[in-house]
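Student: Okay, handing you the structure first.
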Amino acid sequence: MRKQLDRWLGPLAFVLVALDVWLGLWITPPDQVQGDYVRLVYVHPAVAWVALYVAFGMAGLCSVLYLWPRTRSLAFDYAAAAAVEVGVVFTILTCITGAIWGRPTWGVWWTWDARLTSTALLAVMFLGYLALRRVPAEPHVRARRCAVMALVAAVDVPIVHFSVNWWNTLHQGATVLNANLSPRIHGSMAWTLLLSFIAFTLLFVWMVIARYRLEVLRHSGENKDLDRALSERRAEGAEA
Amino acid sequence: MFRDAALVAGRDLRIELRSRVVLWQVLPFSVLALLLFAFAFGPSQARLVQSAPGLFWLALLFSTVLFAQRSRALEGSPATREAARLLGLDPAGVFLGKTVALFLELVVLEVLLVVGLLLLFHVVVVSWLVLIAACLLAALGLASASVLYGALSGEARIRSTLLPVLLLPILAPVLIAGVRSFQAAIKDGAGLSGRWLGVLAVFSVVYTGLGIALYGPLEEN
Amino acid sequence: MFRDAALVAGRDLRIELRSRVVLWQVLPFSVLALLLFAFAFGPSQARLVQSAPGLFWLALLFSTVLFAQRSRALEGSPATREAARLLGLDPAGVFLGKTVALFLELVVLEVLLVVGLLLLFHVVVVSWLVLIAACLLAALGLASASVLYGALSGEARIRSTLLPVLLLPILAPVLIAGVRSFQAAIKDGAGLSGRWLGVLAVFSVVYTGLGIALYGPLEEN
Amino acid sequence: MVSAISLQSAVAVAGRFPVLAGVDLNLEEGTVCAVLGANGAGKTSLLRLLAGLTALERGAGTVLGADLTKNTSGLRANVGLMGHGVGLYEELLPRENLAFMIKAARLDPSGIPEALDRVGIRGRIAATPVGQLSAGQQRRVVLASLVARRPRLWLLDEPHASLDAQARDLVGSVLEEAAAGGATVVATSHEPDIVIPLADVVVTMAGGVVTERYAGGRMGLSDVS
Amino acid sequence: MVSAISLQSAVAVAGRFPVLAGVDLNLEEGTVCAVLGANGAGKTSLLRLLAGLTALERGAGTVLGADLTKNTSGLRANVGLMGHGVGLYEELLPRENLAFMIKAARLDPSGIPEALDRVGIRGRIAATPVGQLSAGQQRRVVLASLVARRPRLWLLDEPHASLDAQARDLVGSVLEEAAAGGATVVATSHEPDIVIPLADVVVTMAGGVVTERYAGGRMGLSDVS
Ligand code: HEM
Ligand SMILES: Nc1ncnc2c1ncn2[C@@H]1O[C@H](COP(=O)(O)OP(=O)(O)OP(=O)(O)O)[C@@H](O)[C@H]1O
Ligand SMILES: Nc1ncnc2c1ncn2[C@@H]1O[C@H](COP(=O)(O)OP(=O)(O)OP(=O)(O)O)[C@@H](O)[C@H]1O
Ligand SMILES: [Mg+2]
Ligand SMILES: [Mg+2]
């Protein structure tokens, strides 16, 4: 079962993404207002969804599991790290696809809209997490620090979200994301949209698993290394 | 827990009083930050008054980073930190003690900054209550977040650059809510300010709670 | 002198490459500072664009403080510093070497910030020449002043709070001249910019000169 | 006798390097154990493991009844460590440093002046912040903190380094007293002539393991195996 | 013989405290001098004065021909100091640390591998950043830096501390070599048994002054007065 999953997950994710792109680019109709740029709707929201909710949610959850004494295991630390790493990629992709979309629709690459701003903050928090991981420390020390950081950041996300929303809407109305898609949505568009969410989530899962595997592999390599290092260490004493 | 908190707060404040680093270095920095912001955005008087709340909270935020550095530096070298870990102090108590000491220092800073604001930027405060509530809530939130993150960020040589990156994004809600509360306090939008004071309150409660819960595992090692 | 400078610059850059502190901690801080300024003064788009030069130079200035901290931290513990003083290096060479290393790092930062500015604040640059000249001159001035003041500010525990207070007021001219040059570069007031570029040039020449002359007596003890 | 320390194939890792490569060590309560060994043998690493400051990577170990594979915060409160570095607050006076430690351990601070006096920290020196004292004076203050705290396990990393002749004698009598009071003492050293006479058990380390064990000169509670 | 060190009533101050209260000391070039004395006697302060790291407050002094009341930067380049603390860059490898020092002194860096090998820093240890080495290994690296640099004046503050038996012997032979090569050596210690046999001159300090001076066991170039 697991092997099957392993074998099929990656290809499946890619096939779905390819299908999504194909449907998005060639099958669905262009929008009356936005023209062909609307096709980004099959990429951008899904990518954003993964970055914001799936990645950070997973990182937060794994961190709690690590900190909880009964479930404390470096596996959760690796999983959290994998989620954040892939999450950073998706967050940056969100910003890039958003910016590409913003250029024709708003005329600018970036604006200080609530959502964009909170996404940027999130990206910086993710980056901070990765910076913290790079500080040399014992595995469990690092795991503890990183878990606390991820948890604190995860708790901060809703606060940031609300405050940024209020921050912006107080001064000016929701000028940006008022393009309500639902009335104009075409049947094939709705399906493609749904597909995009599934496809990118699967892509995320696949990437996280790969990153996690790599980490575990490195660690098991470490274990083998440890055995060799142990005998080398003992030999140090013998030669002295 | 509270006994340990009192002990730790006493230690921090005593070292602080003896070294006077906060008095001579951190407080001047804050005033300086205010002035620099004025340089960068001045000299139009109208724009300055308009940006006064932003200036105040930015200065407070950047000063908080220094306070956080200092609060951690008080704990001394790695050897000293290790010795302290061998004392069997309750981590929650340590967290609370450090937070209380930092809170007191931040309140002093806020008083100074408010005075600076009134004198330098000719701001007229309408609702003192909102202003004071915002300051106290923010001080608590900033203090607890700083102590928690100070413990995250390792040794001195790394900390002086790592801590700002970790701490500042977390503090963004305080910045936003603080600016808004101040705008309300200045324009007497007391009705409006409630929501923003709420953000500040949630922030400080959440971080104090997280600190009490998580400081143990963090300092474990 | 130049041999020693090359040696010292090599040491600083090597430790930096090994520890990657600048890459992971200082550069993100700069981007973050930009974001926070936007919070404090936004979200009105017009006001943001207007303040873009101020934001850029403030972010650069505050980042410079971190760079200065880091540059000094590279020199290690008091014992390490003392050992280095027993090597008979030419102080002017040490100063130059550290300044060069810091200059290179600051240029990388400036490139990053300019890109951020273009993308985030929709700034349109008219005179690239002025912008580049301002950036290079400022980087030299900031680097030399930082190295000089880093040597003034003593030990790590004190330095993390003392250095900002010492350094920032000194850098105020760079802030003002930089903001003005940028405004000129954006609006193509090339005629105007000459004077401000002159200020930057004078600043960097003066501090480099002062550093070469005074680093000896400073490090003497 | 009650076992104070019991390590079975204990492995500890720093970075990725196995600083301890399978240590076996059993000590009963009230024993004074001297640890000898070349530079890099793992003596400091052993003390840090026993203090609960580094994790046990493999193997098993209990110290003062606490399992090293579990949370060691309970253990740490019973341990006094005198390491290579001086773990004192440089701005505070010797007395204030000790007061902080003693109060943290919920002990009576009235013994502090006596402890300081005993290690020769008095007069002007007692009124100088610790950071300005000489190397040996700082180590004397650390010694005083152990005397005042009376931990159940004393871990001393080269206790004699930086101390003058008089203070070296003092270390001997302080250790004797501690062991007589039931405390367990583990002390590393590069001066066998000084520590072997003080020890019940002498252990030598090399390459991260214990290589030899024999009886020392104290013979108070020897448990040579 | 040429005078290497000559202090007359030298006074040095730290904070406001006179750490040296009128030191008289004359040493000829090529002498090995051991400095003994209780904790706080002023041994470290004396070495720092001789290195040109602290100012001469009163009195007169020349070291290697440099007047201590004037600028001492010329002097400092000729001095090698092994202090209580280890003055190495923690991120850099032993080899890189030495290369920096040697190049700064405009010497040939080709002797570095040999110097490191001599103090036993080889293999894995040579490939570890200095910050991760054990206390004794770090001090060995410092010793190697002195060996490679061959300064004209060696100032050693408790050179034997943290070093194991083998490295202690090494210190002896290194000092002997340095003195034979014309360098002057001043070494403090709390282990008279070890240093007196190495020294031409033994000096004891107390209360910031030199109280006694007698001949040591080396008797190479004794100038007992
Ligand atoms: C740099 C620019 C942008 C960033 C960082 C960004 C970020 C985000 C994020 C984080 C979400 C997920 C929100 C959620 O699920 O709660 C999102 C959703 C979405 N974005 Fe963007 N976005 C950008 C530009 C744009 C542009 C230019 C458009 C179109 C005009 C756009 C249209 C949408 C739509 C339609 C959704 C999904 C529907 C929704 O949840 O409301 N975005 N974006
Ligand atoms: N900054 C200072 N302020 C006050 N007193 C100081 C200061 N620095 C050193 N002292 C005092 O000067 C005296 C001499 O110190 P020094 O370090 O020279 O002693 P030492 O002989 O090296 O001792 P040790 O054997 O312990 O290393 C000590 O009593 C110390 O307390
Ligand atoms: N973080 C690390 N990374 C790699 N190696 C390390 C690290 N920490 C310690 N070591 C190595 O572990 C070994 C044991 O160190 P330890 O400090 O325990 O030795 P020691 O017996 O106390 O030596 P000394 O007598 O010099 O104090 C040393 O060889 C050291 O280089
Ligand atoms: Mg050791
Ligand atoms: Mg000394």
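Starting from 1 in every chain, residues are counted up; chains themselves are A, B, ... following the order of the structure tokens, and ligands are numbered from 1 as listed.
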Using only C-alpha atoms, determine which residues of chain C fall within 12 Å of chain E; present them as number ranges by chain.

Tutor: C: 1-20, 73-91, 93-94, 216-221

Student: As a ChimeraX atom specification, please: every protein or nucleic acid residue near ligand 1 (cut-off 9 Å, counting only C-alpha atoms and all ligand atoms).

Tutor: /A:34,37-38,40-41,44-53,91-106,108-111,113,115-120,176-181

Student: With only C-alpha atoms and all ligand atoms counted, collect every polymer residue having an atom within 8 Å of ligand 2; state the result as a PyMOL selection string.

Tutor: (chain D and resi 125+128+131-138+162-164) or (chain E and resi 13-20+37-46+84+157+189-190+205-208)

Student: Within 12 Å of Ser173 in chain D, counting only C-alpha atoms, which residues qualify if same-chain residues fewer than 2 places away don't, as a short mmCIF file (atom, residue, chain, number, x, y, z; two decimals) with C-alpha atoms, in the first residue's frame?

Tutor:
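In the end it all went to part-v6.cif:
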```cif
data_model
loop_
_atom_site.label_atom_id
_atom_site.label_comp_id
_atom_site.auth_asym_id
_atom_site.auth_seq_id
_atom_site.Cartn_x
_atom_site.Cartn_y
_atom_site.Cartn_z
CA ARG D 118 36.20 30.28 53.93
CA VAL D 119 37.46 30.57 50.34
CA LEU D 143 33.87 27.02 45.01
CA VAL D 147 30.10 25.04 49.63
CA GLN D 166 46.35 27.65 49.74
CA ALA D 167 43.16 27.33 47.71
CA ARG D 168 44.31 23.94 46.43
CA ASP D 169 44.47 22.69 49.98
CA LEU D 170 41.06 24.14 50.53
CA VAL D 171 39.64 22.18 47.60
CA LEU D 175 35.75 17.73 48.93
CA GLU D 176 36.49 15.59 51.96
CA GLU D 177 33.70 17.33 53.85
CA ALA D 178 31.25 17.00 51.01
CA ALA D 179 31.90 13.30 50.64
CA ALA D 180 31.68 12.79 54.38
CA VAL D 195 43.68 14.29 42.98
CA PRO D 197 45.11 11.07 47.19
CA LEU D 198 41.71 12.75 47.46
CA ALA D 199 39.80 10.08 45.56
CA ARG D 218 41.17 8.25 50.09
#
```

Student: Between B:Gln183, B:Ser63, B:Ser30, B:Ser127, which is the closest to chain A once you count only C-alpha atoms?

Tutor: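 Checking each of B:Gln183, B:Ser63, B:Ser30, B:Ser127 against chain A, counting only C-alpha atoms, the winner is B:Gln183.
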
Student: Show which residues sit within 10 Å of Ser144 in chain B, as a PyMOL selection string. Count only C-alpha atoms, and ignore same-chain residues fewer than 2 positions away.

Tutor: chain B and resi 68+95-96+98-100+102-103+138-142+146-150+203-212

Student: Given the selection you just returned, output its residues as a file containing N, CA and C atoms, formatted as a compact mmCIF listing (two decimals), in the first residue's frame.

Tutor:
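Ended up saving to out_4.txt:
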```txt
# COMPACT_ATOMS: atom_id res chain seq x y z
N ALA B 68 15.09 43.49 24.13
CA ALA B 68 15.11 42.02 24.14
C ALA B 68 16.55 41.52 24.15
N PHE B 95 10.42 32.82 33.18
CA PHE B 95 9.79 33.59 32.10
C PHE B 95 9.04 34.79 32.67
N LEU B 96 8.22 34.53 33.69
CA LEU B 96 7.44 35.63 34.26
C LEU B 96 8.34 36.71 34.83
N LYS B 98 11.42 37.53 34.06
CA LYS B 98 12.07 38.32 33.01
C LYS B 98 11.05 39.24 32.32
N THR B 99 9.85 38.70 32.13
CA THR B 99 8.83 39.51 31.48
C THR B 99 8.46 40.73 32.33
N VAL B 100 8.33 40.50 33.63
CA VAL B 100 7.98 41.63 34.50
C VAL B 100 9.08 42.69 34.46
N LEU B 102 11.22 43.31 32.13
CA LEU B 102 11.22 43.97 30.82
C LEU B 102 10.01 44.89 30.69
N PHE B 103 8.87 44.44 31.19
CA PHE B 103 7.65 45.25 31.17
C PHE B 103 7.90 46.59 31.84
N ALA B 138 0.42 46.99 25.26
CA ALA B 138 1.50 46.74 24.31
C ALA B 138 2.77 46.36 25.05
N ALA B 139 3.05 47.04 26.15
CA ALA B 139 4.28 46.75 26.90
C ALA B 139 4.29 45.29 27.35
N LEU B 140 3.14 44.82 27.82
CA LEU B 140 3.09 43.44 28.28
C LEU B 140 3.32 42.48 27.12
N GLY B 141 2.63 42.75 26.01
CA GLY B 141 2.79 41.87 24.85
C GLY B 141 4.21 41.88 24.33
N LEU B 142 4.78 43.07 24.20
CA LEU B 142 6.15 43.17 23.69
C LEU B 142 7.12 42.46 24.62
N SER B 146 9.24 39.22 23.60
CA SER B 146 10.70 39.40 23.56
C SER B 146 11.41 38.35 24.39
N VAL B 147 10.88 38.09 25.58
CA VAL B 147 11.55 37.12 26.44
C VAL B 147 11.50 35.73 25.81
N LEU B 148 10.34 35.41 25.25
CA LEU B 148 10.20 34.10 24.62
C LEU B 148 11.17 33.96 23.46
N TYR B 149 11.23 34.98 22.61
CA TYR B 149 12.09 34.89 21.44
C TYR B 149 13.56 35.05 21.81
N GLY B 150 13.83 35.79 22.87
CA GLY B 150 15.21 35.89 23.32
C GLY B 150 15.76 34.51 23.63
N PHE B 203 -3.10 39.84 22.00
CA PHE B 203 -1.68 39.59 21.76
C PHE B 203 -0.94 39.34 23.06
N SER B 204 -1.17 40.22 24.03
CA SER B 204 -0.37 40.07 25.25
C SER B 204 -0.80 38.83 26.04
N VAL B 205 -2.09 38.56 26.06
CA VAL B 205 -2.52 37.36 26.78
C VAL B 205 -1.97 36.11 26.11
N VAL B 206 -2.08 36.05 24.80
CA VAL B 206 -1.60 34.88 24.08
C VAL B 206 -0.11 34.66 24.33
N TYR B 207 0.66 35.73 24.23
CA TYR B 207 2.10 35.53 24.36
C TYR B 207 2.54 35.23 25.78
N THR B 208 1.85 35.84 26.75
CA THR B 208 2.19 35.49 28.12
C THR B 208 1.86 34.03 28.37
N GLY B 209 0.71 33.60 27.88
CA GLY B 209 0.33 32.20 28.05
C GLY B 209 1.31 31.26 27.37
N LEU B 210 1.64 31.57 26.12
CA LEU B 210 2.58 30.72 25.39
C LEU B 210 3.92 30.67 26.11
N GLY B 211 4.33 31.82 26.60
CA GLY B 211 5.62 31.85 27.29
C GLY B 211 5.63 30.94 28.50
N ILE B 212 4.57 31.05 29.31
CA ILE B 212 4.51 30.22 30.51
C ILE B 212 4.53 28.75 30.14
```

Student: Among range 3-186 of chain E, which residues does DSSP mark as helix (DSSP H, G or I) when it is run on the backbone? Keep the chain and numbering as in the structure and answer as an MDAnalysis selection string.

Tutor: chainID E and resid 43:50 73:76 94:104 109:118 125:127 130:132 135:149 165:180

Student: Write out as a PDB file with N, CA, C and O atoms, in the first residue's frame each polymer residue whose atoms come within 12 Å of Ala184 in chain B, counting only C-alpha atoms; drop sequence neighbours fewer than 3 positions from it.

Tutor:
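That gives us selection07.pdb:
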```pdb
ATOM      1  N   PRO B  53       1.812  58.919  15.198  1.00  0.00           N
ATOM      2  CA  PRO B  53       1.586  57.594  15.796  1.00  0.00           C
ATOM      3  C   PRO B  53       2.502  56.539  15.192  1.00  0.00           C
ATOM      4  O   PRO B  53       3.058  55.706  15.906  1.00  0.00           O
ATOM      5  N   VAL B 124      -1.727  66.571  20.163  1.00  0.00           N
ATOM      6  CA  VAL B 124      -2.676  66.834  21.250  1.00  0.00           C
ATOM      7  C   VAL B 124      -3.451  65.556  21.533  1.00  0.00           C
ATOM      8  O   VAL B 124      -4.105  65.005  20.650  1.00  0.00           O
ATOM      9  N   VAL B 125      -3.363  65.099  22.749  1.00  0.00           N
ATOM     10  CA  VAL B 125      -4.031  63.853  23.104  1.00  0.00           C
ATOM     11  C   VAL B 125      -5.433  64.161  23.603  1.00  0.00           C
ATOM     12  O   VAL B 125      -5.607  65.006  24.472  1.00  0.00           O
ATOM     13  N   VAL B 126      -6.410  63.483  23.040  1.00  0.00           N
ATOM     14  CA  VAL B 126      -7.785  63.713  23.467  1.00  0.00           C
ATOM     15  C   VAL B 126      -8.184  62.680  24.502  1.00  0.00           C
ATOM     16  O   VAL B 126      -8.758  63.005  25.525  1.00  0.00           O
ATOM     17  N   SER B 127      -7.882  61.421  24.221  1.00  0.00           N
ATOM     18  CA  SER B 127      -8.312  60.377  25.142  1.00  0.00           C
ATOM     19  C   SER B 127      -7.099  59.714  25.801  1.00  0.00           C
ATOM     20  O   SER B 127      -6.527  58.772  25.264  1.00  0.00           O
ATOM     21  N   TRP B 128      -6.747  60.225  26.955  1.00  0.00           N
ATOM     22  CA  TRP B 128      -5.591  59.674  27.661  1.00  0.00           C
ATOM     23  C   TRP B 128      -5.809  58.214  28.038  1.00  0.00           C
ATOM     24  O   TRP B 128      -4.886  57.424  28.078  1.00  0.00           O
ATOM     25  N   LEU B 129      -7.074  57.894  28.325  1.00  0.00           N
ATOM     26  CA  LEU B 129      -7.366  56.539  28.766  1.00  0.00           C
ATOM     27  C   LEU B 129      -6.950  55.524  27.698  1.00  0.00           C
ATOM     28  O   LEU B 129      -6.272  54.527  27.986  1.00  0.00           O
ATOM     29  N   VAL B 130      -7.345  55.802  26.471  1.00  0.00           N
ATOM     30  CA  VAL B 130      -6.996  54.897  25.372  1.00  0.00           C
ATOM     31  C   VAL B 130      -5.482  54.799  25.238  1.00  0.00           C
ATOM     32  O   VAL B 130      -4.911  53.713  25.084  1.00  0.00           O
ATOM     33  N   LEU B 131      -4.849  55.959  25.314  1.00  0.00           N
ATOM     34  CA  LEU B 131      -3.402  55.984  25.150  1.00  0.00           C
ATOM     35  C   LEU B 131      -2.712  55.130  26.210  1.00  0.00           C
ATOM     36  O   LEU B 131      -1.843  54.308  25.919  1.00  0.00           O
ATOM     37  N   ALA B 134      -3.435  51.409  25.770  1.00  0.00           N
ATOM     38  CA  ALA B 134      -2.657  50.856  24.657  1.00  0.00           C
ATOM     39  C   ALA B 134      -1.211  50.644  25.062  1.00  0.00           C
ATOM     40  O   ALA B 134      -0.612  49.610  24.772  1.00  0.00           O
ATOM     41  N   ALA B 177      -1.998  47.701  15.562  1.00  0.00           N
ATOM     42  CA  ALA B 177      -3.018  48.032  16.554  1.00  0.00           C
ATOM     43  C   ALA B 177      -2.601  49.250  17.352  1.00  0.00           C
ATOM     44  O   ALA B 177      -3.439  50.098  17.695  1.00  0.00           O
ATOM     45  N   GLY B 178      -1.329  49.360  17.641  1.00  0.00           N
ATOM     46  CA  GLY B 178      -0.856  50.512  18.396  1.00  0.00           C
ATOM     47  C   GLY B 178      -1.068  51.799  17.619  1.00  0.00           C
ATOM     48  O   GLY B 178      -1.577  52.794  18.157  1.00  0.00           O
ATOM     49  N   VAL B 179      -0.696  51.784  16.355  1.00  0.00           N
ATOM     50  CA  VAL B 179      -0.867  52.991  15.539  1.00  0.00           C
ATOM     51  C   VAL B 179      -2.332  53.396  15.511  1.00  0.00           C
ATOM     52  O   VAL B 179      -2.699  54.561  15.719  1.00  0.00           O
ATOM     53  N   ARG B 180      -3.178  52.419  15.306  1.00  0.00           N
ATOM     54  CA  ARG B 180      -4.613  52.732  15.233  1.00  0.00           C
ATOM     55  C   ARG B 180      -5.139  53.270  16.554  1.00  0.00           C
ATOM     56  O   ARG B 180      -5.910  54.228  16.577  1.00  0.00           O
ATOM     57  N   SER B 181      -4.747  52.643  17.645  1.00  0.00           N
ATOM     58  CA  SER B 181      -5.232  53.125  18.943  1.00  0.00           C
ATOM     59  C   SER B 181      -4.780  54.553  19.154  1.00  0.00           C
ATOM     60  O   SER B 181      -5.534  55.393  19.672  1.00  0.00           O
ATOM     61  N   LYS B 187      -7.479  61.602  17.910  1.00  0.00           N
ATOM     62  CA  LYS B 187      -8.663  62.200  17.276  1.00  0.00           C
ATOM     63  C   LYS B 187      -9.919  61.927  18.076  1.00  0.00           C
ATOM     64  O   LYS B 187     -11.007  62.209  17.629  1.00  0.00           O
ATOM     65  N   ASP B 188      -9.758  61.301  19.240  1.00  0.00           N
ATOM     66  CA  ASP B 188     -10.894  60.894  20.039  1.00  0.00           C
ATOM     67  C   ASP B 188     -11.853  60.005  19.272  1.00  0.00           C
ATOM     68  O   ASP B 188     -13.062  60.260  19.226  1.00  0.00           O
ATOM     69  N   GLY B 189     -11.353  59.007  18.676  1.00  0.00           N
ATOM     70  CA  GLY B 189     -12.236  58.022  18.080  1.00  0.00           C
ATOM     71  C   GLY B 189     -12.385  56.864  19.044  1.00  0.00           C
ATOM     72  O   GLY B 189     -12.101  55.724  18.715  1.00  0.00           O
ATOM     73  N   ALA B 190     -12.819  57.188  20.286  1.00  0.00           N
ATOM     74  CA  ALA B 190     -12.819  56.172  21.343  1.00  0.00           C
ATOM     75  C   ALA B 190     -13.619  54.947  20.924  1.00  0.00           C
ATOM     76  O   ALA B 190     -13.304  53.820  21.291  1.00  0.00           O
ATOM     77  N   GLY B 191     -14.679  55.202  20.145  1.00  0.00           N
ATOM     78  CA  GLY B 191     -15.489  54.077  19.713  1.00  0.00           C
ATOM     79  C   GLY B 191     -14.664  53.097  18.887  1.00  0.00           C
ATOM     80  O   GLY B 191     -14.706  51.897  19.079  1.00  0.00           O
ATOM     81  N   LEU B 192     -13.888  53.663  18.007  1.00  0.00           N
ATOM     82  CA  LEU B 192     -13.082  52.844  17.120  1.00  0.00           C
ATOM     83  C   LEU B 192     -11.986  52.076  17.836  1.00  0.00           C
ATOM     84  O   LEU B 192     -11.621  50.983  17.439  1.00  0.00           O
ATOM     85  N   SER B 193     -11.450  52.694  18.867  1.00  0.00           N
ATOM     86  CA  SER B 193     -10.233  52.150  19.456  1.00  0.00           C
ATOM     87  C   SER B 193     -10.459  50.799  20.119  1.00  0.00           C
ATOM     88  O   SER B 193      -9.525  50.030  20.271  1.00  0.00           O
ATOM     89  N   GLY B 194     -11.708  50.518  20.522  1.00  0.00           N
ATOM     90  CA  GLY B 194     -11.984  49.291  21.261  1.00  0.00           C
ATOM     91  C   GLY B 194     -11.424  48.068  20.567  1.00  0.00           C
ATOM     92  O   GLY B 194     -10.741  47.244  21.175  1.00  0.00           O
ATOM     93  N   ARG B 195     -11.670  47.977  19.275  1.00  0.00           N
ATOM     94  CA  ARG B 195     -11.229  46.822  18.529  1.00  0.00           C
ATOM     95  C   ARG B 195      -9.709  46.682  18.573  1.00  0.00           C
ATOM     96  O   ARG B 195      -9.166  45.599  18.736  1.00  0.00           O
ATOM     97  N   TRP B 196      -9.028  47.795  18.435  1.00  0.00           N
ATOM     98  CA  TRP B 196      -7.571  47.733  18.394  1.00  0.00           C
ATOM     99  C   TRP B 196      -6.976  47.427  19.757  1.00  0.00           C
ATOM    100  O   TRP B 196      -5.996  46.701  19.870  1.00  0.00           O
ATOM    101  N   LEU B 197      -7.604  47.990  20.799  1.00  0.00           N
ATOM    102  CA  LEU B 197      -7.161  47.618  22.139  1.00  0.00           C
ATOM    103  C   LEU B 197      -7.372  46.125  22.346  1.00  0.00           C
ATOM    104  O   LEU B 197      -6.574  45.448  23.004  1.00  0.00           O
TER     105      LEU B 197
END
```

Student: Rank nothing, just name the residue among E:Arg152, E:Ser6, E:Ala161, E:Asp108 nearest to ligand 4, using only C-alpha atoms and all ligand atoms.

Tutor: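 Of E:Arg152, E:Ser6, E:Ala161, E:Asp108, the one nearest ligand 4, counting only C-alpha atoms and all ligand atoms, is E:Ala161.
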